[in-house]
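Here is the structure we will look at, set down as structure tokens.
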Amino acid sequence: MWKTTQERIPSGCAVAGIFSRNGTRINGSTIIQSITVMHDRSNGLGGGFAGYGIYPEYKEYYAFHLFYDGLHAKHECEQFLEQHFDIINLSKIPTSRHPHIHDEPLIWRYFLAPLPVKLTASQLEEQEYTARCVQKINTHIDGAYVFSCGKNMGVFKGVGYPEDIGRFFRLDEYSGYCWTAHGRYPTNTPGWWGGAHPFALLDCSVVHNGEISSYDANRRHIEMFGYTCNLLTDTEVITYMLDYLHRKQKLSWEETASVIAAPFWKTIEQMPPEMQKQSVFLRQMYQELLITGPFSILVGFTGGIMALNDRLKLRSLVAAEKGDTVFFASEENAIAVIESAPDRVWSPKGGEPIIITLQNGIKE
């Protein structure tokens, strides 16, 4: 049975996730209930959520969520969008006033399709075209920030405790087959709307508890491949690393995990020959993308979720399952409050990913 505590949690931050293998859509209020239990792991400087399968009526289009500092930034950004995309629908993202949420930016949503002429002229694949447009907005349009840009998914985040952010964005009006959540306890960076988790690029989103000591090396390396780290946070860098390894380098999620949380050399030496050969190749080929330092992350992507600890398991992560539903959280309490009788509860091993996908592929 779970209980609350008034003691400060030294490992900081909270992550939580829910995934339905059979594609059953889960109401957003459930993930709010889960992350609320870990209130004391954050300090009100950041909270957020990512939901997958939440826009079935617009599933063929990219859903851009944007923060604007003002109307001038909005006007400039919309001019850029009109030049590069067909805007299918645009509107303010529905929110409700909340006594603990202040100084929110303008928050808008756009459903987009790349303009065929522009896409053809770019000689880029559709996702790369879209990702580059996002980078241009975030780098060159002052006061505009794209914080979500995948298909049939969306990120909702801001400054506040996660349960307050969830209610501010009215997540009980959304349902999806996958949800992740984050409660932030920043140590080196300020709390602001864009700096809250999840961080996302295209359909990949990341919530992260920890602090990576390899940040500078990882950032310098990933920026060689066209990424611009605008926010100077380790979670942003992790997101770009995952995008590079999985989307651009075509590594599986298992292989991607074996890069960022690579087995120790002594562990590799004890592997069967074929597995050893692959592990050596990945370590040597992508050595600059190894993450060092404590972390636990939940990675959402279209049709799946990945949970991963650092190799020494220096940050807590608990998993559970009940039937076709899988749960993840920094504390078992956060699972117990939404599923009191799970079939199985376990702690993932350090450096070993848990990857869950939809049983019959992507749901319509």
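Labels for the structure tokens follow display order: chains A, B, ..., residues from 1 in each chain, ligands from 1.
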
Next on the checklist: Residues near segment 206-215 of chain A, anyone? I mean within 8 Å using only C-alpha atoms, not counting same-chain ones fewer than 6 positions away, as a PyMOL selection string.
Outcome noted: chain A and resi 11-15+180-182+197-200+234-235+237-239+290-300+315

Non-local contacts of Trp265 of chain A (12 Å; only C-alpha atoms; under 6 positions in same chain excluded) as a tab-separated table (two decimals) with N, CA, C and O atoms, in the first residue's frame:
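To be explicit, this is the file written out as around-v8.tsv:
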```
chain	number	residue	atom	x	y	z
A	271	MET	N	29.57	-11.95	-23.49
A	271	MET	CA	28.44	-12.22	-24.38
A	271	MET	C	28.79	-13.32	-25.38
A	271	MET	O	29.96	-13.55	-25.68
A	276	GLN	N	28.30	-10.23	-29.03
A	276	GLN	CA	29.51	-9.47	-28.69
A	276	GLN	C	29.96	-8.62	-29.87
A	276	GLN	O	30.31	-7.45	-29.71
A	277	LYS	N	29.93	-9.20	-31.07
A	277	LYS	CA	30.35	-8.49	-32.27
A	277	LYS	C	29.48	-7.25	-32.49
A	277	LYS	O	29.99	-6.16	-32.80
A	279	SER	N	27.65	-5.61	-30.23
A	279	SER	CA	27.83	-4.65	-29.14
A	279	SER	C	29.12	-3.86	-29.30
A	279	SER	O	29.15	-2.65	-29.05
A	280	VAL	N	30.18	-4.52	-29.73
A	280	VAL	CA	31.45	-3.83	-29.97
A	280	VAL	C	31.29	-2.81	-31.09
A	280	VAL	O	31.77	-1.67	-30.99
A	281	PHE	N	30.60	-3.22	-32.17
A	281	PHE	CA	30.38	-2.31	-33.29
A	281	PHE	C	29.63	-1.06	-32.84
A	281	PHE	O	30.02	0.08	-33.16
A	282	LEU	N	28.52	-1.24	-32.10
A	282	LEU	CA	27.71	-0.10	-31.67
A	282	LEU	C	28.49	0.81	-30.73
A	282	LEU	O	28.41	2.04	-30.84
A	283	ARG	N	29.27	0.25	-29.82
A	283	ARG	CA	30.05	1.06	-28.89
A	283	ARG	C	31.10	1.87	-29.62
A	283	ARG	O	31.35	3.04	-29.32
A	284	GLN	N	31.75	1.26	-30.59
A	284	GLN	CA	32.81	1.96	-31.31
A	284	GLN	C	32.27	2.95	-32.34
A	284	GLN	O	32.82	4.04	-32.51
A	311	ARG	N	23.11	2.47	-16.74
A	311	ARG	CA	23.69	1.13	-16.56
A	311	ARG	C	23.83	0.73	-15.10
A	311	ARG	O	23.81	-0.47	-14.78
```

Checklist entry - What's the 9 Å shell around Glu339 of chain A, counting only C-alpha atoms, without same-chain residues fewer than 3 positions away, as a list in words? => result Glu321, Lys322, Phe327, Ala334, Ile335, Ala336 and Pro342 of chain A

How would the residues just chosen look if you wrote them out with C-alpha atoms as a compact mmCIF listing (two decimals), in the first residue's frame?
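As a result, out00.txt now contains:
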```txt
# COMPACT_ATOMS: atom_id res chain seq x y z
CA GLU A 321 1.37 -4.95 -15.99
CA LYS A 322 -2.27 -5.85 -15.77
CA PHE A 327 2.61 0.86 -16.31
CA ALA A 334 2.07 5.96 -8.67
CA ILE A 335 1.09 2.63 -10.22
CA ALA A 336 -0.87 1.36 -7.22
CA PRO A 342 -1.37 -5.78 -11.04
```

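For the pair atom CA of Arg41 of chain A and atom CA of Ser347 of chain A, the separation is 18.8 Å.
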
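A straight line drawn from atom CA of Lys92 of chain A to atom CA of Arg167 of chain A is 16.1 Å long.
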
Item to check | Selection: 8 Å around Gly70 of chain A, only C-alpha atoms, excl. self and same-chain fewer than 4 positions, as number ranges by chain | outcome: A: 74, 105-106, 143

Please dump the current selection as a compact mmCIF listing (two decimals), in the first residue's frame; keep N, CA, C and O atoms.
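Generated output (selection_37.txt):
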```txt
# COMPACT_ATOMS: atom_id res chain seq x y z
N LYS A 74 3.59 35.15 -33.37
CA LYS A 74 2.56 34.31 -33.98
C LYS A 74 2.38 34.65 -35.45
O LYS A 74 2.32 33.75 -36.31
N PRO A 105 2.12 31.53 -21.98
CA PRO A 105 2.24 32.16 -23.30
C PRO A 105 0.97 31.93 -24.12
O PRO A 105 0.02 31.30 -23.65
N LEU A 106 0.95 32.45 -25.33
CA LEU A 106 -0.11 32.07 -26.27
C LEU A 106 0.17 30.63 -26.70
O LEU A 106 1.30 30.28 -27.03
N GLY A 143 10.57 34.28 -30.16
CA GLY A 143 9.30 34.27 -29.46
C GLY A 143 8.34 33.18 -29.88
O GLY A 143 7.21 33.12 -29.41
```

If you take only C-alpha atoms and a cut-off of 10 Å, which residues of segment 186-253 of chain A touch segment 63-69 of chain A, and what are their nearest atom pairs and distances in Å to one decimal, in chain and number order, as JSON lines?
```
{"residue": "A:Trp193", "atom": "CA", "partner": "A:Phe67", "partner_atom": "CA", "distance": 8.1}
{"residue": "A:Gly194", "atom": "CA", "partner": "A:Phe67", "partner_atom": "CA", "distance": 7.7}
{"residue": "A:Leu202", "atom": "CA", "partner": "A:Ala63", "partner_atom": "CA", "distance": 9.1}
{"residue": "A:Asp203", "atom": "CA", "partner": "A:Ala63", "partner_atom": "CA", "distance": 9.8}
```

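When atom CA of Asp216 of chain A is paired with atom CA of Leu232 of chain A, their separation reads 9.5 Å.
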
Checklist entry - Where does DSSP see strand (DSSP E) in segment 133-310 of chain A, if you list the residues as a PyMOL selection string? => result chain A and resi 144-148+153-158+175-176+178-183+199-201+204-210+295-301+304-309

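Closest approach to Phe301 of chain A among A:Pro273, A:Gly44, A:Gly51, A:Gly166: A:Gly51, based on only C-alpha atoms.
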
Checklist entry - Quick one: of A:Val159, A:Ile338, A:Leu90, A:Leu312, who's nearest to Ala16 of chain A, counting only C-alpha atoms? => result A:Ile338

Next on the checklist: If DSSP is run on the backbone, what residues of segment 66-215 of chain A are alpha helix (DSSP H)? A reply as a PyMOL selection string would be ideal.
Outcome noted: chain A and resi 71-84+116-122+126-140+162-168+215

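Residue nearest Thr256 of chain A, chosen from A:Gly226, A:Gly183, A:Gly303, A:Pro353 and counting only C-alpha atoms: A:Pro353.
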
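With only C-alpha atoms as the atoms that count, the minimum distance from Ile137 of chain A to the choices A:Glu274, A:Asp164, A:Asp40, A:Glu78 is reached by A:Glu78.
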